$ cat final-v7.pdb   # PDB, C-alpha atoms, pLDDT in the B column
ATOM      1  CA  MET A   1     -18.697 -95.290 -55.248  1.00 59.00           C
ATOM      2  CA  THR A   2     -20.781 -94.247 -52.225  1.00 73.00           C
ATOM      3  CA  THR A   3     -23.729 -91.921 -52.606  1.00 75.00           C
ATOM      4  CA  LEU A   4     -24.737 -89.973 -49.520  1.00 70.00           C
ATOM      5  CA  GLU A   5     -28.155 -88.402 -49.339  1.00 79.00           C
ATOM      6  CA  GLN A   6     -30.275 -86.801 -46.660  1.00 81.00           C
ATOM      7  CA  LEU A   7     -34.017 -86.847 -46.237  1.00 81.00           C
ATOM      8  CA  THR A   8     -35.637 -84.307 -43.904  1.00 85.00           C
ATOM      9  CA  ILE A   9     -39.181 -84.884 -42.690  1.00 86.00           C
ATOM     10  CA  TYR A  10     -41.040 -82.311 -40.592  1.00 85.00           C
ATOM     11  CA  ILE A  11     -43.810 -83.706 -38.419  1.00 86.00           C
ATOM     12  CA  ASP A  12     -45.586 -82.676 -35.257  1.00 83.00           C
ATOM     13  CA  GLU A  13     -44.443 -84.368 -32.072  1.00 84.00           C
ATOM     14  CA  SER A  14     -48.028 -85.460 -31.382  1.00 87.00           C
ATOM     15  CA  ASP A  15     -48.513 -87.141 -34.799  1.00 91.00           C
ATOM     16  CA  ARG A  16     -49.220 -90.860 -34.436  1.00 95.00           C
ATOM     17  CA  TRP A  17     -49.280 -93.845 -36.816  1.00 94.00           C
ATOM     18  CA  HIS A  18     -50.737 -97.184 -35.725  1.00 94.00           C
ATOM     19  CA  GLY A  19     -50.680 -96.028 -32.104  1.00 94.00           C
ATOM     20  CA  LYS A  20     -47.036 -94.945 -31.956  1.00 94.00           C
ATOM     21  CA  PRO A  21     -45.312 -91.621 -32.585  1.00 93.00           C
ATOM     22  CA  VAL A  22     -44.620 -91.079 -36.291  1.00 94.00           C
ATOM     23  CA  TYR A  23     -40.965 -90.280 -35.572  1.00 94.00           C
ATOM     24  CA  ALA A  24     -40.504 -93.682 -33.874  1.00 94.00           C
ATOM     25  CA  ALA A  25     -42.249 -95.500 -36.727  1.00 94.00           C
ATOM     26  CA  LEU A  26     -39.996 -93.767 -39.284  1.00 93.00           C
ATOM     27  CA  VAL A  27     -36.817 -94.692 -37.404  1.00 94.00           C
ATOM     28  CA  GLU A  28     -37.950 -98.314 -37.072  1.00 94.00           C
ATOM     29  CA  GLU A  29     -38.770 -98.499 -40.779  1.00 92.00           C
ATOM     30  CA  ALA A  30     -35.411 -96.962 -41.727  1.00 91.00           C
ATOM     31  CA  ARG A  31     -33.649 -99.619 -39.647  1.00 93.00           C
ATOM     32  CA  LYS A  32     -35.654-102.407 -41.312  1.00 95.00           C
ATOM     33  CA  MET A  33     -34.712-101.020 -44.728  1.00 91.00           C
ATOM     34  CA  GLY A  34     -31.013-101.150 -43.872  1.00 89.00           C
ATOM     35  CA  ILE A  35     -30.505 -97.385 -43.911  1.00 88.00           C
ATOM     36  CA  ALA A  36     -27.180 -96.582 -42.265  1.00 86.00           C
ATOM     37  CA  LYS A  37     -28.351 -93.898 -39.844  1.00 88.00           C
ATOM     38  CA  ALA A  38     -31.488 -92.185 -38.579  1.00 90.00           C
ATOM     39  CA  THR A  39     -31.769 -89.303 -36.141  1.00 91.00           C
ATOM     40  CA  VAL A  40     -34.774 -87.579 -34.586  1.00 91.00           C
ATOM     41  CA  ILE A  41     -34.182 -83.964 -33.608  1.00 89.00           C
ATOM     42  CA  ARG A  42     -36.683 -81.918 -31.650  1.00 83.00           C
ATOM     43  CA  GLY A  43     -37.102 -78.364 -32.880  1.00 81.00           C
ATOM     44  CA  VAL A  44     -36.862 -75.809 -30.092  1.00 80.00           C
ATOM     45  CA  GLU A  45     -38.105 -72.818 -32.058  1.00 82.00           C
ATOM     46  CA  GLY A  46     -39.143 -72.031 -35.604  1.00 82.00           C
ATOM     47  CA  PHE A  47     -41.868 -70.940 -37.990  1.00 81.00           C
ATOM     48  CA  GLY A  48     -43.455 -72.167 -41.178  1.00 76.00           C
ATOM     49  CA  MET A  49     -46.086 -71.356 -43.744  1.00 75.00           C
ATOM     50  CA  ARG A  50     -48.988 -72.492 -41.551  1.00 70.00           C
ATOM     51  CA  GLN A  51     -50.551 -70.044 -39.121  1.00 70.00           C
ATOM     52  CA  ASN A  52     -49.251 -66.960 -40.915  1.00 78.00           C
ATOM     53  CA  ARG A  53     -45.568 -67.648 -40.159  1.00 79.00           C
ATOM     54  CA  GLN A  54     -46.180 -67.424 -36.404  1.00 80.00           C
ATOM     55  CA  ILE A  55     -43.096 -68.293 -34.316  1.00 83.00           C
ATOM     56  CA  HIS A  56     -43.498 -71.459 -32.234  1.00 77.00           C
ATOM     57  CA  THR A  57     -41.271 -72.236 -29.281  1.00 78.00           C
ATOM     58  CA  ALA A  58     -40.982 -74.916 -26.604  1.00 71.00           C
ATOM     59  CA  ASN A  59     -40.889 -73.565 -23.083  1.00 69.00           C
ATOM     60  CA  ILE A  60     -38.274 -74.663 -20.560  1.00 58.00           C
ATOM     61  CA  LEU A  61     -40.597 -77.194 -18.872  1.00 58.00           C
ATOM     62  CA  GLU A  62     -41.323 -78.916 -22.203  1.00 54.00           C
ATOM     63  CA  LEU A  63     -37.606 -79.099 -22.995  1.00 50.00           C
ATOM     64  CA  ALA A  64     -36.900 -80.815 -19.676  1.00 56.00           C
ATOM     65  CA  SER A  65     -39.110 -83.754 -20.662  1.00 57.00           C
TER      66      SER A  65
END
$ encode --input "final-v7.pdb" --output "structure tokens"
Amino acid sequence: MTTLEQLTIYIDESDRWHGKPVYAALVEEARKMGIAKATVIRGVEGFGMRQNRQIHTANILELAS
């Protein structure tokens, strides 16, 4: 029987670990562990509990990069 699970991790794009972006380090580690798939998705707009639920958005110039 196959068990499928999903893990969602929210980090800031500027977060770094040992000199590299955290998202890249997580994908590399997942590959080493033999996890079947890993995907990094950039959030375009959203809000959270920090900063009084203020909406954050990426402008068009940031999205182009």
$ resolve_selection --input "final-v7.pdb" --expression "the PyMOL selection byres ((chain A and resi 21-30) around 12)" --output "list in words"
Leu7, Thr8, Ile9, Tyr10, Ile11, Asp12, Glu13, Ser14, Asp15, Arg16, Trp17, His18, Gly19, Lys20, Arg31, Lys32, Met33, Gly34, Ile35, Ala36, Lys37, Ala38, Thr39, Val40, Ile41 and Arg42 of chain A
$ resolve_selection --input "final-v7.pdb" --expression "the PyMOL selection byres ((chain A and resi 44-47) around 9)" --output "PyMOL selection string"
chain A and resi 42-43+48-59+63
$ axis_aligned_box --input "final-v7.pdb" --around "region 38-48 of chain A" --padding-each-side "5 Å" --output "AutoDock Vina command-line options"
--center_x -37.5 --center_y -81.6 --center_z -35.6 --size_x 22.0 --size_y 31.2 --size_z 21.1
$ decode --input "final-v7.pdb" --residues "region 14-62 of chain A" --atoms "N, CA and C atoms" --output "PDB file, in the first residue's frame"
ATOM      1  N   SER A  14      14.147  35.386   1.210  1.00  0.00           N
ATOM      2  CA  SER A  14      15.493  35.834   1.569  1.00  0.00           C
ATOM      3  C   SER A  14      16.131  34.986   2.671  1.00  0.00           C
ATOM      4  N   ASP A  15      15.406  34.027   3.245  1.00  0.00           N
ATOM      5  CA  ASP A  15      15.960  33.172   4.296  1.00  0.00           C
ATOM      6  C   ASP A  15      17.106  32.328   3.735  1.00  0.00           C
ATOM      7  N   ARG A  16      18.199  32.256   4.503  1.00  0.00           N
ATOM      8  CA  ARG A  16      19.371  31.508   4.049  1.00  0.00           C
ATOM      9  C   ARG A  16      19.808  30.525   5.123  1.00  0.00           C
ATOM     10  N   TRP A  17      20.436  29.423   4.677  1.00  0.00           N
ATOM     11  CA  TRP A  17      20.976  28.393   5.567  1.00  0.00           C
ATOM     12  C   TRP A  17      22.309  27.952   4.986  1.00  0.00           C
ATOM     13  N   HIS A  18      23.363  28.117   5.741  1.00  0.00           N
ATOM     14  CA  HIS A  18      24.720  27.791   5.286  1.00  0.00           C
ATOM     15  C   HIS A  18      25.036  28.453   3.953  1.00  0.00           C
ATOM     16  N   GLY A  19      24.605  29.716   3.797  1.00  0.00           N
ATOM     17  CA  GLY A  19      24.956  30.487   2.616  1.00  0.00           C
ATOM     18  C   GLY A  19      24.078  30.283   1.400  1.00  0.00           C
ATOM     19  N   LYS A  20      23.101  29.398   1.464  1.00  0.00           N
ATOM     20  CA  LYS A  20      22.231  29.180   0.307  1.00  0.00           C
ATOM     21  C   LYS A  20      20.782  29.413   0.697  1.00  0.00           C
ATOM     22  N   PRO A  21      19.923  29.691  -0.270  1.00  0.00           N
ATOM     23  CA  PRO A  21      18.507  29.882   0.064  1.00  0.00           C
ATOM     24  C   PRO A  21      17.926  28.644   0.750  1.00  0.00           C
ATOM     25  N   VAL A  22      17.108  28.870   1.764  1.00  0.00           N
ATOM     26  CA  VAL A  22      16.515  27.750   2.512  1.00  0.00           C
ATOM     27  C   VAL A  22      15.720  26.840   1.584  1.00  0.00           C
ATOM     28  N   TYR A  23      14.990  27.426   0.617  1.00  0.00           N
ATOM     29  CA  TYR A  23      14.192  26.583  -0.273  1.00  0.00           C
ATOM     30  C   TYR A  23      15.082  25.624  -1.070  1.00  0.00           C
ATOM     31  N   ALA A  24      16.257  26.075  -1.505  1.00  0.00           N
ATOM     32  CA  ALA A  24      17.171  25.201  -2.245  1.00  0.00           C
ATOM     33  C   ALA A  24      17.738  24.108  -1.339  1.00  0.00           C
ATOM     34  N   ALA A  25      18.074  24.462  -0.112  1.00  0.00           N
ATOM     35  CA  ALA A  25      18.595  23.481   0.837  1.00  0.00           C
ATOM     36  C   ALA A  25      17.547  22.408   1.138  1.00  0.00           C
ATOM     37  N   LEU A  26      16.278  22.805   1.272  1.00  0.00           N
ATOM     38  CA  LEU A  26      15.216  21.837   1.549  1.00  0.00           C
ATOM     39  C   LEU A  26      15.007  20.877   0.380  1.00  0.00           C
ATOM     40  N   VAL A  27      15.039  21.399  -0.836  1.00  0.00           N
ATOM     41  CA  VAL A  27      14.875  20.538  -2.014  1.00  0.00           C
ATOM     42  C   VAL A  27      16.041  19.559  -2.119  1.00  0.00           C
ATOM     43  N   GLU A  28      17.253  20.042  -1.908  1.00  0.00           N
ATOM     44  CA  GLU A  28      18.424  19.156  -1.953  1.00  0.00           C
ATOM     45  C   GLU A  28      18.328  18.058  -0.904  1.00  0.00           C
ATOM     46  N   GLU A  29      17.923  18.423   0.299  1.00  0.00           N
ATOM     47  CA  GLU A  29      17.801  17.431   1.376  1.00  0.00           C
ATOM     48  C   GLU A  29      16.710  16.411   1.065  1.00  0.00           C
ATOM     49  N   ALA A  30      15.600  16.869   0.513  1.00  0.00           N
ATOM     50  CA  ALA A  30      14.514  15.947   0.134  1.00  0.00           C
ATOM     51  C   ALA A  30      15.009  14.938  -0.898  1.00  0.00           C
ATOM     52  N   ARG A  31      15.798  15.401  -1.849  1.00  0.00           N
ATOM     53  CA  ARG A  31      16.345  14.501  -2.874  1.00  0.00           C
ATOM     54  C   ARG A  31      17.267  13.467  -2.238  1.00  0.00           C
ATOM     55  N   LYS A  32      18.145  13.924  -1.328  1.00  0.00           N
ATOM     56  CA  LYS A  32      19.053  13.001  -0.642  1.00  0.00           C
ATOM     57  C   LYS A  32      18.296  11.941   0.146  1.00  0.00           C
ATOM     58  N   MET A  33      17.150  12.321   0.705  1.00  0.00           N
ATOM     59  CA  MET A  33      16.360  11.405   1.522  1.00  0.00           C
ATOM     60  C   MET A  33      15.533  10.438   0.679  1.00  0.00           C
ATOM     61  N   GLY A  34      15.531  10.625  -0.636  1.00  0.00           N
ATOM     62  CA  GLY A  34      14.787   9.724  -1.500  1.00  0.00           C
ATOM     63  C   GLY A  34      13.313  10.067  -1.620  1.00  0.00           C
ATOM     64  N   ILE A  35      12.937  11.273  -1.231  1.00  0.00           N
ATOM     65  CA  ILE A  35      11.550  11.708  -1.370  1.00  0.00           C
ATOM     66  C   ILE A  35      11.234  11.802  -2.853  1.00  0.00           C
ATOM     67  N   ALA A  36      10.053  11.363  -3.236  1.00  0.00           N
ATOM     68  CA  ALA A  36       9.698  11.246  -4.652  1.00  0.00           C
ATOM     69  C   ALA A  36       9.650  12.571  -5.393  1.00  0.00           C
ATOM     70  N   LYS A  37       9.155  13.610  -4.769  1.00  0.00           N
ATOM     71  CA  LYS A  37       8.994  14.894  -5.451  1.00  0.00           C
ATOM     72  C   LYS A  37       9.199  16.038  -4.475  1.00  0.00           C
ATOM     73  N   ALA A  38       9.624  17.176  -5.014  1.00  0.00           N
ATOM     74  CA  ALA A  38       9.714  18.409  -4.225  1.00  0.00           C
ATOM     75  C   ALA A  38       9.479  19.572  -5.181  1.00  0.00           C
ATOM     76  N   THR A  39       8.702  20.530  -4.751  1.00  0.00           N
ATOM     77  CA  THR A  39       8.389  21.685  -5.583  1.00  0.00           C
ATOM     78  C   THR A  39       8.488  22.948  -4.738  1.00  0.00           C
ATOM     79  N   VAL A  40       9.079  23.987  -5.299  1.00  0.00           N
ATOM     80  CA  VAL A  40       9.125  25.295  -4.661  1.00  0.00           C
ATOM     81  C   VAL A  40       8.180  26.191  -5.445  1.00  0.00           C
ATOM     82  N   ILE A  41       7.259  26.821  -4.747  1.00  0.00           N
ATOM     83  CA  ILE A  41       6.291  27.711  -5.378  1.00  0.00           C
ATOM     84  C   ILE A  41       6.410  29.080  -4.733  1.00  0.00           C
ATOM     85  N   ARG A  42       6.541  30.086  -5.558  1.00  0.00           N
ATOM     86  CA  ARG A  42       6.638  31.458  -5.048  1.00  0.00           C
ATOM     87  C   ARG A  42       5.239  32.031  -4.882  1.00  0.00           C
ATOM     88  N   GLY A  43       4.951  32.542  -3.698  1.00  0.00           N
ATOM     89  CA  GLY A  43       3.670  33.170  -3.442  1.00  0.00           C
ATOM     90  C   GLY A  43       3.624  34.559  -4.056  1.00  0.00           C
ATOM     91  N   VAL A  44       2.580  34.856  -4.788  1.00  0.00           N
ATOM     92  CA  VAL A  44       2.441  36.150  -5.435  1.00  0.00           C
ATOM     93  C   VAL A  44       1.780  37.150  -4.501  1.00  0.00           C
ATOM     94  N   GLU A  45       0.808  36.682  -3.729  1.00  0.00           N
ATOM     95  CA  GLU A  45       0.111  37.571  -2.807  1.00  0.00           C
ATOM     96  C   GLU A  45      -0.470  36.753  -1.671  1.00  0.00           C
ATOM     97  N   GLY A  46      -0.520  37.342  -0.488  1.00  0.00           N
ATOM     98  CA  GLY A  46      -1.109  36.651   0.648  1.00  0.00           C
ATOM     99  C   GLY A  46      -0.983  37.472   1.916  1.00  0.00           C
ATOM    100  N   PHE A  47      -1.438  36.867   3.026  1.00  0.00           N
ATOM    101  CA  PHE A  47      -1.301  37.514   4.326  1.00  0.00           C
ATOM    102  C   PHE A  47      -1.179  36.427   5.372  1.00  0.00           C
ATOM    103  N   GLY A  48      -0.705  36.820   6.543  1.00  0.00           N
ATOM    104  CA  GLY A  48      -0.533  35.876   7.630  1.00  0.00           C
ATOM    105  C   GLY A  48      -0.756  36.570   8.959  1.00  0.00           C
ATOM    106  N   MET A  49      -0.388  35.887  10.021  1.00  0.00           N
ATOM    107  CA  MET A  49      -0.614  36.415  11.355  1.00  0.00           C
ATOM    108  C   MET A  49       0.365  37.535  11.708  1.00  0.00           C
ATOM    109  N   ARG A  50       1.556  37.514  11.125  1.00  0.00           N
ATOM    110  CA  ARG A  50       2.520  38.582  11.401  1.00  0.00           C
ATOM    111  C   ARG A  50       2.047  39.886  10.772  1.00  0.00           C
ATOM    112  N   GLN A  51       2.478  40.966  11.328  1.00  0.00           N
ATOM    113  CA  GLN A  51       2.210  42.311  10.818  1.00  0.00           C
ATOM    114  C   GLN A  51       0.719  42.588  10.658  1.00  0.00           C
ATOM    115  N   ASN A  52      -0.050  42.147  11.633  1.00  0.00           N
ATOM    116  CA  ASN A  52      -1.479  42.454  11.706  1.00  0.00           C
ATOM    117  C   ASN A  52      -2.251  42.084  10.439  1.00  0.00           C
ATOM    118  N   ARG A  53      -1.938  40.929   9.883  1.00  0.00           N
ATOM    119  CA  ARG A  53      -2.637  40.386   8.708  1.00  0.00           C
ATOM    120  C   ARG A  53      -2.571  41.318   7.500  1.00  0.00           C
ATOM    121  N   GLN A  54      -1.489  42.070   7.387  1.00  0.00           N
ATOM    122  CA  GLN A  54      -1.273  42.967   6.257  1.00  0.00           C
ATOM    123  C   GLN A  54      -1.068  42.147   4.980  1.00  0.00           C
ATOM    124  N   ILE A  55      -1.693  42.567   3.879  1.00  0.00           N
ATOM    125  CA  ILE A  55      -1.541  41.871   2.604  1.00  0.00           C
ATOM    126  C   ILE A  55      -0.185  42.214   2.003  1.00  0.00           C
ATOM    127  N   HIS A  56       0.536  41.186   1.563  1.00  0.00           N
ATOM    128  CA  HIS A  56       1.832  41.333   0.914  1.00  0.00           C
ATOM    129  C   HIS A  56       1.685  40.884  -0.530  1.00  0.00           C
ATOM    130  N   THR A  57       2.301  41.612  -1.435  1.00  0.00           N
ATOM    131  CA  THR A  57       2.224  41.259  -2.844  1.00  0.00           C
ATOM    132  C   THR A  57       3.565  41.510  -3.528  1.00  0.00           C
ATOM    133  N   ALA A  58       3.847  40.741  -4.564  1.00  0.00           N
ATOM    134  CA  ALA A  58       5.044  40.962  -5.373  1.00  0.00           C
ATOM    135  C   ALA A  58       4.635  41.838  -6.558  1.00  0.00           C
ATOM    136  N   ASN A  59       5.433  42.861  -6.828  1.00  0.00           N
ATOM    137  CA  ASN A  59       5.076  43.701  -7.966  1.00  0.00           C
ATOM    138  C   ASN A  59       5.532  43.049  -9.265  1.00  0.00           C
ATOM    139  N   ILE A  60       5.114  43.590 -10.381  1.00  0.00           N
ATOM    140  CA  ILE A  60       5.375  42.973 -11.679  1.00  0.00           C
ATOM    141  C   ILE A  60       6.869  42.844 -11.984  1.00  0.00           C
ATOM    142  N   LEU A  61       7.707  43.778 -11.531  1.00  0.00           N
ATOM    143  CA  LEU A  61       9.136  43.683 -11.774  1.00  0.00           C
ATOM    144  C   LEU A  61       9.761  42.547 -10.978  1.00  0.00           C
ATOM    145  N   GLU A  62       9.285  42.302  -9.759  1.00  0.00           N
ATOM    146  CA  GLU A  62       9.791  41.180  -8.965  1.00  0.00           C
ATOM    147  C   GLU A  62       9.392  39.858  -9.590  1.00  0.00           C
TER     148      GLU A  62
END
